[in-house]
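Here is protein_4.txt, consisting of compact mmCIF, C-alpha atoms:
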# COMPACT_ATOMS: atom_id res chain seq x y z
CA MET A 278 -24.64 -27.32 -3.96
CA ARG A 279 -23.83 -26.39 -0.41
CA GLU A 280 -26.03 -29.19 0.94
CA ARG A 281 -23.97 -31.75 -0.91
CA THR A 282 -20.79 -30.30 0.56
CA SER A 283 -22.31 -30.54 4.02
CA TYR A 284 -23.30 -34.09 3.20
CA GLY A 285 -19.69 -34.96 2.37
CA LYS A 286 -18.53 -33.43 5.63
CA LEU A 287 -21.18 -35.29 7.56
CA MET A 288 -20.08 -38.55 5.97
CA ALA A 289 -16.47 -37.76 6.88
CA ARG A 290 -17.31 -37.01 10.51
CA THR A 291 -19.40 -40.15 10.79
CA SER A 292 -16.63 -42.27 9.27
CA LEU A 293 -14.05 -40.84 11.60
CA LEU A 294 -16.02 -41.19 14.82
CA GLY A 295 -14.29 -43.97 16.74
CA ASN A 296 -11.37 -43.98 14.32
CA TYR A 297 -9.60 -40.79 15.34
CA GLY A 298 -7.14 -42.90 17.32
CA ALA A 299 -5.76 -44.46 14.15
CA ALA A 300 -5.98 -41.32 12.01
CA SER A 301 -4.61 -38.77 14.47
CA GLY A 302 -2.13 -41.16 16.09
CA SER A 303 -0.60 -42.02 12.73
CA LEU A 304 -0.43 -38.36 11.83
CA LEU A 305 1.34 -37.62 15.11
CA LEU A 306 3.84 -40.38 14.39
CA ALA A 307 4.38 -39.03 10.88
CA TRP A 308 4.93 -35.53 12.24
CA PHE A 309 7.39 -36.84 14.78
CA LEU A 310 9.38 -38.81 12.23
CA ASN A 311 9.34 -36.09 9.63
CA PHE A 312 9.81 -32.95 11.66
CA MET A 313 12.03 -34.32 14.38
CA LEU A 314 14.37 -36.66 12.55
CA VAL A 315 14.55 -34.84 9.22
CA GLY A 316 14.40 -31.52 11.02
CA ILE A 317 17.54 -32.44 12.95
CA CYS A 318 19.34 -33.21 9.68
CA ARG A 319 18.22 -29.94 8.14
CA GLY A 320 19.18 -28.06 11.26
CA THR A 321 22.66 -29.60 11.15
CA GLY A 322 23.06 -28.50 7.54
CA LEU A 323 21.93 -24.99 8.37
CA PHE A 324 24.25 -24.89 11.38
CA LEU A 325 27.20 -25.89 9.21
CA ILE A 326 26.30 -23.28 6.63
CA SER A 327 25.74 -20.40 8.98
CA MET A 328 27.66 -20.79 12.19
CA ALA A 329 30.08 -23.60 12.71
CA MET A 330 32.34 -23.54 9.72
CA PRO A 331 33.02 -20.17 8.24
CA GLN A 332 35.64 -21.49 5.78
CA LYS A 333 34.44 -21.96 2.26
CA PRO A 334 34.83 -25.75 1.72
CA GLU A 335 32.96 -26.57 4.93
CA LYS A 336 30.28 -24.10 4.03
CA MET A 337 29.83 -25.91 0.74
CA ALA A 338 29.64 -29.22 2.64
CA GLY A 339 26.94 -27.73 4.83
CA LEU A 340 25.05 -26.56 1.76
CA VAL A 341 25.24 -30.04 0.24
CA LEU A 342 24.12 -31.62 3.51
CA PHE A 343 21.23 -29.18 3.77
CA GLY A 344 20.17 -29.89 0.18
CA PHE A 345 20.40 -33.63 0.75
CA CYS A 346 18.39 -33.42 3.98
CA TYR A 347 15.85 -31.21 2.24
CA LEU A 348 15.46 -33.87 -0.45
CA ILE A 349 15.10 -36.63 2.15
CA GLY A 350 12.59 -34.51 4.05
CA THR A 351 10.51 -33.93 0.93
CA VAL A 352 10.50 -37.65 0.13
CA THR A 353 9.49 -38.66 3.66
CA ALA A 354 6.81 -35.96 3.73
CA ALA A 355 5.38 -37.34 0.46
CA VAL A 356 5.49 -40.90 1.80
CA PHE A 357 3.81 -39.97 5.06
CA MET A 358 1.17 -37.80 3.39
CA THR A 359 0.29 -40.65 1.05
CA GLY A 360 0.21 -42.97 4.06
CA GLU A 361 -2.04 -40.68 6.05
CA PHE A 362 -4.30 -40.33 3.04
CA ARG A 363 -4.38 -44.11 2.72
CA ILE A 364 -5.40 -44.40 6.37
CA CYS A 365 -8.22 -41.92 5.81
CA TYR A 366 -9.24 -43.84 2.69
CA GLN A 367 -9.39 -47.07 4.67
CA ILE A 368 -11.47 -45.39 7.37
CA CYS A 369 -13.85 -43.92 4.78
CA SER A 370 -14.24 -47.42 3.34
CA GLY A 371 -15.13 -48.77 6.77
CA ARG A 372 -12.02 -50.87 7.07
CA ARG A 373 -9.42 -51.11 9.75
CA ALA A 374 -6.44 -48.80 9.44
CA GLY A 375 -3.19 -48.82 11.30
CA THR A 376 0.17 -47.14 11.46
CA GLY A 377 1.48 -49.70 8.97
CA ASP A 378 -0.55 -47.91 6.32
CA LEU A 379 1.70 -44.89 6.80
CA PHE A 380 4.25 -46.65 4.63
CA PHE A 381 1.75 -47.63 1.96
CA ALA A 382 3.55 -45.61 -0.73
CA LEU A 383 6.70 -47.63 -0.15
CA SER A 384 5.00 -50.99 -0.29
CA CYS A 385 2.61 -50.45 -3.20
CA THR A 386 3.68 -49.05 -6.59
CA PRO A 387 6.36 -46.76 -5.08
CA LEU A 388 7.68 -45.52 -8.41
CA ARG A 389 4.25 -44.39 -9.56
CA PHE A 390 3.64 -42.55 -6.32
CA ALA A 391 7.06 -40.94 -6.66
CA ALA A 392 6.21 -39.77 -10.18
CA LEU A 393 2.84 -38.47 -9.01
CA TRP A 394 4.47 -36.49 -6.23
CA LEU A 395 7.11 -35.14 -8.57
CA VAL A 396 4.33 -33.75 -10.74
CA PHE A 397 2.68 -32.13 -7.75
CA ILE A 398 5.90 -30.63 -6.43
CA LEU A 399 6.55 -29.13 -9.85
CA ALA A 400 2.95 -27.92 -10.10
CA GLY A 401 3.11 -26.44 -6.60
CA THR A 402 6.31 -24.62 -7.50
CA ALA A 403 4.87 -23.40 -10.79
CA ALA A 404 1.78 -22.14 -8.94
CA LEU A 405 4.02 -19.76 -7.00
CA VAL A 406 5.37 -18.14 -10.16
CA PRO A 407 2.53 -15.65 -10.95
CA GLY A 408 2.33 -14.45 -7.35
CA GLY A 409 6.13 -14.29 -7.20
CA MET A 410 6.23 -12.09 -10.28
CA LEU A 411 3.80 -9.70 -8.64
CA PHE A 412 6.02 -9.71 -5.54
CA VAL A 413 8.99 -8.69 -7.68
CA LEU A 414 6.94 -5.92 -9.27
CA ALA A 415 5.86 -4.79 -5.80
CA MET A 416 9.50 -4.57 -4.74
CA ALA A 417 10.21 -2.37 -7.73
CA GLY A 418 7.11 -0.22 -7.21
CA GLU A 419 6.39 2.31 -4.51
CA GLY A 420 3.61 3.41 -2.21
CA ARG A 421 0.04 2.24 -2.57
CA LEU A 422 0.66 0.40 -5.85
CA ALA A 423 3.29 -1.78 -4.18
CA GLY A 424 0.84 -2.67 -1.43
CA TRP A 425 -1.86 -3.63 -3.92
CA LEU A 426 0.60 -5.72 -5.93
CA LEU A 427 1.77 -7.46 -2.76
CA SER A 428 -1.80 -8.28 -1.73
CA ALA A 429 -2.71 -9.47 -5.22
CA GLY A 430 0.40 -11.65 -5.37
CA SER A 431 -0.41 -13.27 -2.02
CA LEU A 432 -4.02 -13.89 -3.00
CA ILE A 433 -3.11 -15.41 -6.37
CA SER A 434 -0.49 -17.64 -4.75
CA VAL A 435 -2.93 -18.91 -2.11
CA ILE A 436 -5.65 -19.63 -4.68
CA LEU A 437 -3.31 -21.46 -7.04
CA GLU A 438 -1.78 -23.50 -4.22
CA LEU A 439 -5.27 -24.47 -3.07
CA VAL A 440 -6.13 -25.58 -6.60
CA VAL A 441 -2.98 -27.72 -6.71
CA LEU A 442 -3.80 -29.16 -3.26
CA PHE A 443 -7.32 -30.17 -4.31
CA TRP A 444 -6.02 -31.55 -7.58
CA MET A 445 -3.40 -33.59 -5.73
CA LEU A 446 -5.85 -35.03 -3.21
CA ALA A 447 -8.37 -35.87 -5.92
CA ALA A 448 -5.70 -37.62 -7.97
CA LEU A 449 -4.59 -39.55 -4.88
CA THR A 450 -8.18 -40.59 -4.26
CA GLU A 451 -8.47 -41.77 -7.84
CA ALA A 452 -5.23 -43.73 -7.41
CA MET A 453 -6.61 -45.40 -4.30
CA GLU A 454 -9.86 -46.19 -6.09
CA CYS A 455 -7.96 -47.73 -8.99
CA LEU A 456 -5.83 -49.76 -6.59
CA GLU A 457 -9.03 -50.90 -4.93
CA LYS A 458 -10.35 -52.09 -8.27
CA SER A 459 -7.06 -53.74 -9.08
CA PHE A 460 -7.33 -55.54 -5.76
CA HIS A 461 -10.52 -56.99 -7.13
CA GLY A 462 -8.79 -57.80 -10.39
CA GLN A 463 -10.15 -54.96 -12.50
CA GLY A 464 -7.01 -53.08 -13.48
CA ALA A 465 -4.12 -51.00 -12.13
CA TRP A 466 -3.71 -47.26 -11.83
CA ARG A 467 -2.08 -44.99 -14.37
CA ILE A 468 -0.54 -41.68 -13.40
CA GLY A 469 -1.94 -39.78 -16.38
CA GLU A 470 -5.46 -41.08 -15.81
CA CYS A 471 -5.35 -40.17 -12.12
CA LEU A 472 -4.07 -36.69 -12.90
CA ALA A 473 -6.77 -36.22 -15.53
CA ALA A 474 -9.48 -37.48 -13.18
CA GLY A 475 -8.22 -35.22 -10.40
CA TRP A 476 -8.18 -32.20 -12.68
CA HIS A 477 -11.66 -33.05 -13.96
CA PHE A 478 -12.87 -33.15 -10.35
CA VAL A 479 -11.35 -29.74 -9.60
CA ALA A 480 -12.77 -28.26 -12.80
CA THR A 481 -16.29 -29.59 -12.36
CA GLU A 482 -16.60 -29.31 -8.58
CA GLY A 483 -14.90 -25.95 -8.21
CA TRP A 484 -17.79 -24.19 -6.51
CA ARG A 485 -18.33 -27.10 -4.15
CA LEU A 486 -14.67 -26.89 -3.15
CA VAL A 487 -14.99 -23.14 -2.65
CA CYS A 488 -17.94 -23.84 -0.31
CA LEU A 489 -15.72 -26.26 1.54
CA CYS A 490 -13.00 -23.75 2.35
CA PRO A 491 -14.61 -21.40 4.96
CA GLY A 492 -15.48 -24.19 7.38
CA PHE A 493 -11.97 -25.58 7.26
CA LEU A 494 -10.55 -22.07 7.55
CA GLY A 495 -12.33 -21.68 10.89
CA MET A 496 -11.13 -25.06 12.04
CA SER A 497 -7.59 -24.17 10.98
CA VAL A 498 -7.76 -21.03 13.12
CA LEU A 499 -8.80 -23.22 16.07
CA GLY A 500 -5.94 -25.58 15.22
CA LEU A 501 -3.48 -22.69 15.26
CA LEU A 502 -4.88 -21.39 18.56
CA SER A 503 -4.28 -24.83 20.07
CA LEU A 504 -0.61 -24.54 19.15
CA GLY A 505 -1.00 -26.81 16.13
CA LEU A 506 -2.37 -29.77 18.08
CA GLY A 507 -5.83 -29.31 16.59
CA PHE A 508 -4.46 -30.11 13.13
CA LEU A 509 -4.12 -33.72 14.29
CA TRP A 510 -7.91 -33.89 14.00
CA VAL A 511 -8.52 -31.32 11.27
CA ILE A 512 -6.24 -32.91 8.66
CA PRO A 513 -7.88 -36.39 8.72
CA TYR A 514 -11.27 -34.70 8.63
CA PHE A 515 -10.21 -32.69 5.58
CA PHE A 516 -8.85 -35.77 3.82
CA CYS A 517 -11.98 -37.81 4.55
CA THR A 518 -14.23 -34.99 3.34
CA LEU A 519 -12.31 -34.79 0.08
CA ILE A 520 -12.50 -38.56 -0.37
CA HIS A 521 -16.26 -38.59 0.19
CA LEU A 522 -16.83 -35.61 -2.09
CA TYR A 523 -14.79 -37.26 -4.81
CA ARG A 524 -16.82 -40.43 -4.49
CA ILE A 525 -20.09 -38.51 -4.52
CA SER A 526 -18.94 -36.71 -7.65
CA THR A 527 -17.93 -39.96 -9.34
CA ARG A 528 -21.22 -41.57 -8.46
CA GLU A 529 -23.18 -38.59 -9.73
CA GLU A 530 -21.41 -38.76 -13.04
CA ASN A 531 -21.48 -42.42 -13.92
CA GLY A 532 -23.44 -44.13 -11.22
CA SER A 533 -20.45 -46.12 -10.13
CA GLY A 534 -17.96 -46.02 -7.34
CA PHE A 535 -18.14 -46.64 -3.67
CA TYR A 536 -21.62 -45.30 -3.11
CA GLY A 537 -23.37 -47.61 -5.48
CA GLY A 538 -20.99 -49.36 -7.82
CA LYS A 539 -21.24 -53.05 -8.30
CA ALA A 540 -17.47 -53.24 -8.01
CA TYR A 541 -17.76 -52.44 -4.35
CA GLY A 542 -20.65 -54.72 -3.62
CA GLY A 543 -23.19 -51.94 -3.24
CA PRO A 544 -26.49 -51.63 -5.04
CA ASP A 545 -26.43 -50.60 -8.67
CA GLY A 546 -26.11 -46.84 -8.81
CA ASP A 547 -28.13 -46.50 -11.98
CA ARG A 548 -31.41 -47.39 -10.38
CA ASN A 549 -34.20 -45.03 -11.46
CA GLY A 550 -31.70 -42.97 -13.39
CA SER A 551 -30.80 -40.94 -10.32
CA PRO A 552 -27.85 -42.52 -8.62
CA PHE A 553 -27.06 -39.80 -6.13
CA PHE A 554 -30.53 -39.24 -4.74
CA GLU A 555 -31.25 -42.93 -4.51
CA ASP A 556 -30.44 -43.99 -0.97
CA PRO A 557 -26.87 -42.72 -0.75
CA TRP A 558 -26.42 -44.39 2.62
CA GLY A 559 -27.20 -47.75 1.07
CA SER A 560 -23.74 -49.00 0.27
CA PHE A 561 -22.00 -47.01 2.95
CA TRP A 562 -23.55 -48.64 5.94
CA PRO A 563 -22.50 -52.10 6.90
CA ASP A 564 -25.90 -53.77 6.70
CA SER A 565 -25.73 -53.53 2.91
CA ARG A 566 -22.08 -54.50 2.89
CA GLU A 567 -22.63 -57.86 4.46
CA ASN A 568 -22.42 -59.56 1.11
CA SER A 569 -19.87 -57.22 -0.38
CA SER A 570 -16.42 -58.14 -1.57
CA PHE A 571 -14.58 -56.23 1.13
CA PRO A 572 -11.63 -58.20 2.47
CA GLU A 573 -13.09 -58.40 5.94
CA ASN A 574 -16.29 -59.82 4.52
CA ARG A 575 -14.69 -62.49 2.43
CA GLY A 576 -14.39 -64.88 5.29
CA ALA A 577 -12.28 -67.97 5.17
CA GLU A 578 -10.31 -67.11 2.04
CA ASN A 579 -8.52 -64.33 3.92
CA GLY A 580 -8.21 -66.22 7.13
CA TYR A 581 -10.66 -64.12 9.09
CA ALA A 582 -14.31 -63.32 8.83
CA GLY A 583 -16.58 -60.57 10.00
CA GLN A 584 -15.98 -57.03 11.14
CA PRO A 585 -13.52 -56.06 13.82
CA GLU A 586 -15.42 -56.03 17.06
CA GLY A 587 -16.67 -52.73 18.35
CA ARG A 588 -16.14 -50.75 15.15
CA TRP A 589 -18.99 -51.73 12.91
CA PRO A 590 -22.07 -53.75 13.70
CA MET B 156 -34.47 -27.08 4.16
CA LYS B 157 -34.38 -30.03 6.53
CA HIS B 158 -37.29 -31.66 4.75
CA GLN B 159 -35.65 -31.02 1.40
CA GLU B 160 -32.44 -32.64 2.60
CA GLN B 161 -34.34 -35.68 3.80
CA VAL B 162 -36.05 -36.01 0.44
CA MET B 163 -32.74 -35.64 -1.39
CA TYR B 164 -30.54 -37.84 0.67
CA GLY B 165 -32.90 -40.03 2.60
CA ASN B 166 -33.02 -40.27 6.35
CA PRO B 167 -29.66 -40.88 7.98
CA PRO B 168 -29.68 -44.31 9.55
CA GLU B 169 -29.42 -45.02 13.21
CA ILE B 170 -25.76 -45.29 14.05
CA SER B 171 -25.00 -48.26 16.21
CA TYR B 172 -21.69 -49.81 17.14
CA GLY B 173 -21.09 -53.22 18.59
CA TYR B 174 -24.03 -55.55 18.89
CA GLY B 175 -27.00 -53.22 19.08
CA LYS B 176 -25.31 -51.18 21.78
CA GLN B 177 -25.26 -47.39 21.38
CA SER B 178 -21.66 -46.28 21.67
CA PRO B 179 -20.94 -43.04 23.51
CA ASN B 180 -19.75 -40.18 21.37
CA ASN B 181 -16.10 -39.99 22.37
CA MET B 182 -15.51 -36.66 20.71
CA ALA B 183 -18.34 -35.09 22.71
CA THR B 184 -16.80 -36.44 25.90
CA ALA B 185 -13.39 -35.14 24.84
CA SER B 186 -14.95 -31.75 24.16
CA LEU B 187 -16.42 -31.63 27.66
CA VAL B 188 -13.09 -32.68 29.20
CA MET B 189 -11.25 -30.01 27.22
CA GLY B 190 -13.84 -27.43 28.28
CA ILE B 191 -13.34 -28.33 31.95
CA LEU B 192 -9.54 -28.23 31.54
CA ALA B 193 -9.86 -24.87 29.81
CA ALA B 194 -11.93 -23.52 32.71
CA MET B 195 -9.41 -24.87 35.21
CA THR B 196 -6.41 -23.39 33.41
CA PHE B 197 -8.17 -20.16 32.55
CA CYS B 198 -5.60 -18.05 34.41
CA CYS B 199 -2.53 -19.95 33.17
CA CYS B 200 -1.56 -17.59 30.36
CA TYR B 201 -2.14 -19.35 27.04
CA VAL B 202 -3.01 -22.86 28.28
CA GLY B 203 -6.69 -22.06 28.69
CA ILE B 204 -6.95 -20.82 25.10
CA ALA B 205 -5.27 -23.97 23.78
CA PHE B 206 -7.58 -26.29 25.72
CA GLY B 207 -10.60 -24.17 24.82
CA SER B 208 -9.78 -24.28 21.10
CA LEU B 209 -9.49 -28.05 21.27
CA GLY B 210 -12.81 -28.19 23.12
CA ILE B 211 -14.60 -26.22 20.39
CA LEU B 212 -12.89 -28.29 17.70
CA PHE B 213 -13.92 -31.59 19.29
CA ALA B 214 -17.49 -30.36 19.69
CA LEU B 215 -17.61 -29.46 16.00
CA LEU B 216 -16.20 -32.85 15.03
CA SER B 217 -18.62 -34.74 17.28
CA ARG B 218 -21.67 -33.89 15.17
CA ASN B 219 -23.01 -36.90 13.32
CA GLY B 220 -26.16 -35.65 11.67
CA GLU B 221 -28.15 -35.33 14.86
CA PRO B 222 -28.45 -32.32 17.18
CA MET B 223 -25.26 -31.80 19.14
CA ASP B 224 -24.78 -34.06 22.14
CA GLY B 225 -25.35 -32.62 25.62
CA GLN B 226 -21.72 -33.18 26.54
CA ALA B 227 -20.57 -31.47 23.36
CA LYS B 228 -22.88 -28.53 24.07
CA ALA B 229 -21.48 -28.18 27.56
CA GLY B 230 -17.95 -28.45 26.18
CA VAL B 231 -18.47 -25.84 23.49
CA ILE B 232 -20.11 -23.42 25.96
CA LEU B 233 -17.30 -23.79 28.51
CA SER B 234 -14.58 -23.60 25.87
CA GLY B 235 -16.26 -20.70 24.07
CA ILE B 236 -16.51 -18.67 27.27
CA VAL B 237 -12.90 -19.38 28.21
CA VAL B 238 -11.51 -18.64 24.73
CA GLY B 239 -13.68 -15.55 24.28
CA VAL B 240 -12.86 -14.05 27.66
CA SER B 241 -9.16 -14.95 27.38
CA VAL B 242 -8.83 -13.39 23.95
CA LEU B 243 -10.69 -10.29 25.18
CA ILE B 244 -8.44 -9.95 28.24
CA TRP B 245 -5.28 -10.50 26.23
CA GLY B 246 -6.46 -8.02 23.61
CA ILE B 247 -7.17 -5.33 26.22
CA PHE B 248 -3.88 -6.06 27.97
CA LEU B 249 -1.86 -5.77 24.77
CA ALA B 250 -3.72 -2.65 23.68
CA LEU B 251 -3.04 -0.99 27.03
CA MET B 252 0.58 -2.07 26.90
CA VAL B 253 1.07 -0.64 23.44
CA ALA B 254 -0.78 2.55 24.30
CA GLY B 255 1.11 3.02 27.57
CA SER B 256 4.58 2.29 26.27
CA GLY B 257 4.63 5.08 23.72
CA TRP B 258 6.23 2.80 21.14
CA THR B 259 4.72 4.66 18.27
CA VAL B 260 5.80 8.08 19.58
CA TYR B 261 9.38 7.61 20.71
CA ASP B 262 12.07 7.93 18.06
CA PRO B 263 15.58 7.49 19.45
CA PRO B 264 18.24 9.92 18.21
CA VAL B 265 20.31 8.19 15.58
CA GLN B 266 23.60 9.90 16.34
CA ASN B 267 23.78 8.49 19.88
CA LEU B 268 23.50 4.85 18.83
CA PRO B 269 25.90 2.57 20.72
CA VAL B 270 28.00 0.18 18.66
CA TYR B 271 27.07 -3.46 19.16
CA PRO B 272 29.35 -6.42 18.41
CA ASP B 273 28.76 -8.49 15.29
CA ILE B 274 27.67 -11.58 17.18
CA LEU B 275 24.44 -10.56 18.82
CA VAL B 276 23.15 -12.21 21.96
CA PRO B 277 19.34 -12.09 22.13
CA ASP B 278 19.31 -9.02 24.37
CA ASN B 279 21.59 -7.13 22.04
CA LEU B 280 19.68 -8.44 19.07
CA LEU B 281 16.55 -6.84 20.45
CA LYS B 282 18.41 -3.61 21.04
CA GLY B 283 19.85 -3.76 17.57
CA LEU B 284 16.46 -4.18 16.02
CA TRP B 285 15.13 -1.35 18.16
CA MET B 286 17.87 1.00 17.17
CA GLY B 287 17.53 -0.08 13.58
CA GLY B 288 14.05 1.36 13.53
CA MET B 289 11.89 -1.77 13.93
CA ARG B 290 9.18 -1.31 16.52
CA ILE B 291 8.96 -4.70 18.22
Reformat the file's structure so that it appears as structure tokens.
Amino acid sequence: MRERTSYGKLMARTSLLGNYGAASGSLLLAWFLNFMLVGICRGTGLFLISMAMPQKPEKMAGLVLFGFCYLIGTVTAAVFMTGEFRICYQICSGRRAGTGDLFFALSCTPLRFAALWLVFILAGTAALVPGGMLFVLAMAGEGRLAGWLLSAGSLISVILELVVLFWMLAALTEAMECLEKSFHGQGAWRIGECLAAGWHFVATEGWRLVCLCPGFLGMSVLGLLSLGLGFLWVIPYFFCTLIHLYRISTREENGSGFYGGKAYGGPDGDRNGSPFFEDPWGSFWPDSRENSSFPENRGAENGYAGQPEGRWP
Amino acid sequence: MKHQEQVMYGNPPEISYGYGKQSPNNMATASLVMGILAAMTFCCCYVGIAFGSLGILFALLSRNGEPMDGQAKAGVILSGIVVGVSVLIWGIFLALMVAGSGWTVYDPPVQNLPVYPDILVPDNLLKGLWMGGMRI
């Protein structure tokens, strides 16, 4: 089990080598836009509420402004996170990615992405409820019991939020996969199907995801020690690992998907009845993608042919 | 284990970029650069730790299925030494400071508390928290 997790991480690192410029640069841009611009709006709202205008009507105006900015900030965060995930997806697929992909959620099925994010925001909020109830009990309790309740509440909250995070990323991956197929004329994505597929991934690959956490925990500590700068590299790595693990899982189950599906131009995953152990590098590496249906390989019909120079052979 | 992995997953292919030209591992180079910067800024308060953490991180991300690159090894060694020693020094310094200040022993008499204005400037805020019983 652990070997397969390591394999997914190895695939992610190999995909990202030479592409960190696009992945981390876009993330930096997203951070700047989200935290700086929206942060200024939120700060203004907070300032109005707390300091500048002590009279009641202005305080209410500040509250409304803060709520509005909070809403805008949540929307932009969702857009940018989808965009960053799209960039990682492109990189994992061996295609070129740019900062334009940051706005992918706005340009491609925006309403569906909005609905998907609404579900995740609600799920993330609901995941805080059990831990929050234990917090309330801890406030009412005393002594050692309160401490235990506080610890248990924190632990439960962290675990449930992690489950929601993995579910969300898996559903996003499924959405990207479906969009990929629809690009090839094989159907569009449905929110319910993506949510179900994401939940199925979390339910079946739970232990693999648990194995994934300690390594990223260590990297997160390094990211914190570097004053948050390290997250510019850790977050794309995390996204790419999740994407590869999801694809491995899909391929193991039905012998289709990126690693061997005919839809992606790779070899048939059902060979010898063992799709995963049968040359998993086969469809990933460009030599077997020469005849695939990737846009960059389609030649004249898209106006350009071949791989971008210096990225893939 | 290695043999088992090779049987399971097959041998990782040779990674080549461009036209048959072996590309340098940029992350390994970045790790070495960060390690050197960390060593240079070792005595600049927190800067050395930040550079060192990035150096270790880049070294970890530079692995691509083969043994770690020489540059990455050098980077992780330099960064590891800088981060380890810095954290040790900071830990000892803080421990001595806490032990020497008597923060845990001193309890100011409550009846002699001065009255602070409602709007607290940072200095007064600190004093207010101190007098309020928080040990910061």
- Message: Which residues are close to range 238-245 of chain B, i.e. within 9 Å by all atoms listed in the file, leaving aside same-chain residues fewer than 4 positions away? Reply as number ranges by chain.
- Response: B: 193, 197-198, 200-201, 203-208, 233-234, 249-250
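Minimum atom-to-atom distance to Ala465 in chain A, evaluated using only C-alpha atoms, belongs to A:Cys385 out of A:Ala299, A:Leu501, A:Ala391, A:Cys385.
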- Query: Which value, in Å to one decimal, gives the distance between CA of Val352 in chain A and CA of Leu489 in chain A?
  - Reply: 28.6 Å
Determine, counting all atoms listed in the file, every residue of protein, DNA or RNA that lies within 12 Å of (-14.5, -27.1, -6.0) in the file coordinates, then give the result as a short mmCIF file (atom, residue, chain, number, x, y, z; two decimals) with C-alpha atoms, in the coordinates of the input.
data_model
loop_
_atom_site.label_atom_id
_atom_site.label_comp_id
_atom_site.auth_asym_id
_atom_site.auth_seq_id
_atom_site.Cartn_x
_atom_site.Cartn_y
_atom_site.Cartn_z
CA MET A 278 -24.64 -27.32 -3.96
CA ARG A 279 -23.83 -26.39 -0.41
CA ARG A 281 -23.97 -31.75 -0.91
CA THR A 282 -20.79 -30.30 0.56
CA ILE A 436 -5.65 -19.63 -4.68
CA LEU A 439 -5.27 -24.47 -3.07
CA VAL A 440 -6.13 -25.58 -6.60
CA VAL A 441 -2.98 -27.72 -6.71
CA LEU A 442 -3.80 -29.16 -3.26
CA PHE A 443 -7.32 -30.17 -4.31
CA TRP A 444 -6.02 -31.55 -7.58
CA ALA A 447 -8.37 -35.87 -5.92
CA GLY A 475 -8.22 -35.22 -10.40
CA TRP A 476 -8.18 -32.20 -12.68
CA HIS A 477 -11.66 -33.05 -13.96
CA PHE A 478 -12.87 -33.15 -10.35
CA VAL A 479 -11.35 -29.74 -9.60
CA ALA A 480 -12.77 -28.26 -12.80
CA THR A 481 -16.29 -29.59 -12.36
CA GLU A 482 -16.60 -29.31 -8.58
CA GLY A 483 -14.90 -25.95 -8.21
CA TRP A 484 -17.79 -24.19 -6.51
CA ARG A 485 -18.33 -27.10 -4.15
CA LEU A 486 -14.67 -26.89 -3.15
CA VAL A 487 -14.99 -23.14 -2.65
CA CYS A 488 -17.94 -23.84 -0.31
CA LEU A 489 -15.72 -26.26 1.54
CA CYS A 490 -13.00 -23.75 2.35
CA LEU A 519 -12.31 -34.79 0.08
CA LEU A 522 -16.83 -35.61 -2.09
CA TYR A 523 -14.79 -37.26 -4.81
CA SER A 526 -18.94 -36.71 -7.65
#
- Item | Nearest to chain B, chosen from A:Ser503, A:Thr450, A:Thr527, A:Thr518, with only C-alpha atoms counted in the distances | A:Ser503
- Task: Can you work out which one of B:Val237, B:Ile247, B:Met182, B:Leu209 has the shortest atom-to-atom distance to Met195 in chain B, counting all atoms listed in the file?
- Result: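 Checking each candidate against Met195 in chain B, we get B:Val237 as the closest.
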- Note on the structure: Pairwise distance, CA of Gly507 in chain A with CA of Arg319 in chain A, equals 25.5 Å
- Query: In Å to one decimal, how far is CA of Gly344 in chain A from CA of Leu437 in chain A?
  - Reply: 26.0 Å
- Query: Quick one: of A:Met288, A:Cys517, A:Val356, A:Leu342, who's nearest to Arg389 in chain A, counting only C-alpha atoms?
  - Reply: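 Nearest to Arg389 in chain A: A:Val356.
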Can you put N, CA and C atoms back into range 180-187 of chain B and show it as a CSV table (one decimal), keeping the file's coordinate frame?
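Written output follows (selection.csv):
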chain,number,residue,atom,x,y,z
B,180,ASN,N,-20.5,-41.0,22.3
B,180,ASN,CA,-19.8,-40.2,21.4
B,180,ASN,C,-18.5,-39.7,22.1
B,181,ASN,N,-17.4,-40.3,21.7
B,181,ASN,CA,-16.1,-40.0,22.4
B,181,ASN,C,-15.7,-38.6,22.2
B,182,MET,N,-15.9,-38.0,21.0
B,182,MET,CA,-15.5,-36.7,20.7
B,182,MET,C,-16.3,-35.7,21.6
B,183,ALA,N,-17.6,-36.0,21.8
B,183,ALA,CA,-18.3,-35.1,22.7
B,183,ALA,C,-17.8,-35.1,24.1
B,184,THR,N,-17.4,-36.3,24.6
B,184,THR,CA,-16.8,-36.4,25.9
B,184,THR,C,-15.5,-35.7,26.0
B,185,ALA,N,-14.7,-35.8,24.9
B,185,ALA,CA,-13.4,-35.1,24.8
B,185,ALA,C,-13.6,-33.6,24.8
B,186,SER,N,-14.7,-33.2,24.2
B,186,SER,CA,-15.0,-31.8,24.2
B,186,SER,C,-15.3,-31.2,25.6
B,187,LEU,N,-16.1,-32.0,26.3
B,187,LEU,CA,-16.4,-31.6,27.7
B,187,LEU,C,-15.2,-31.6,28.5
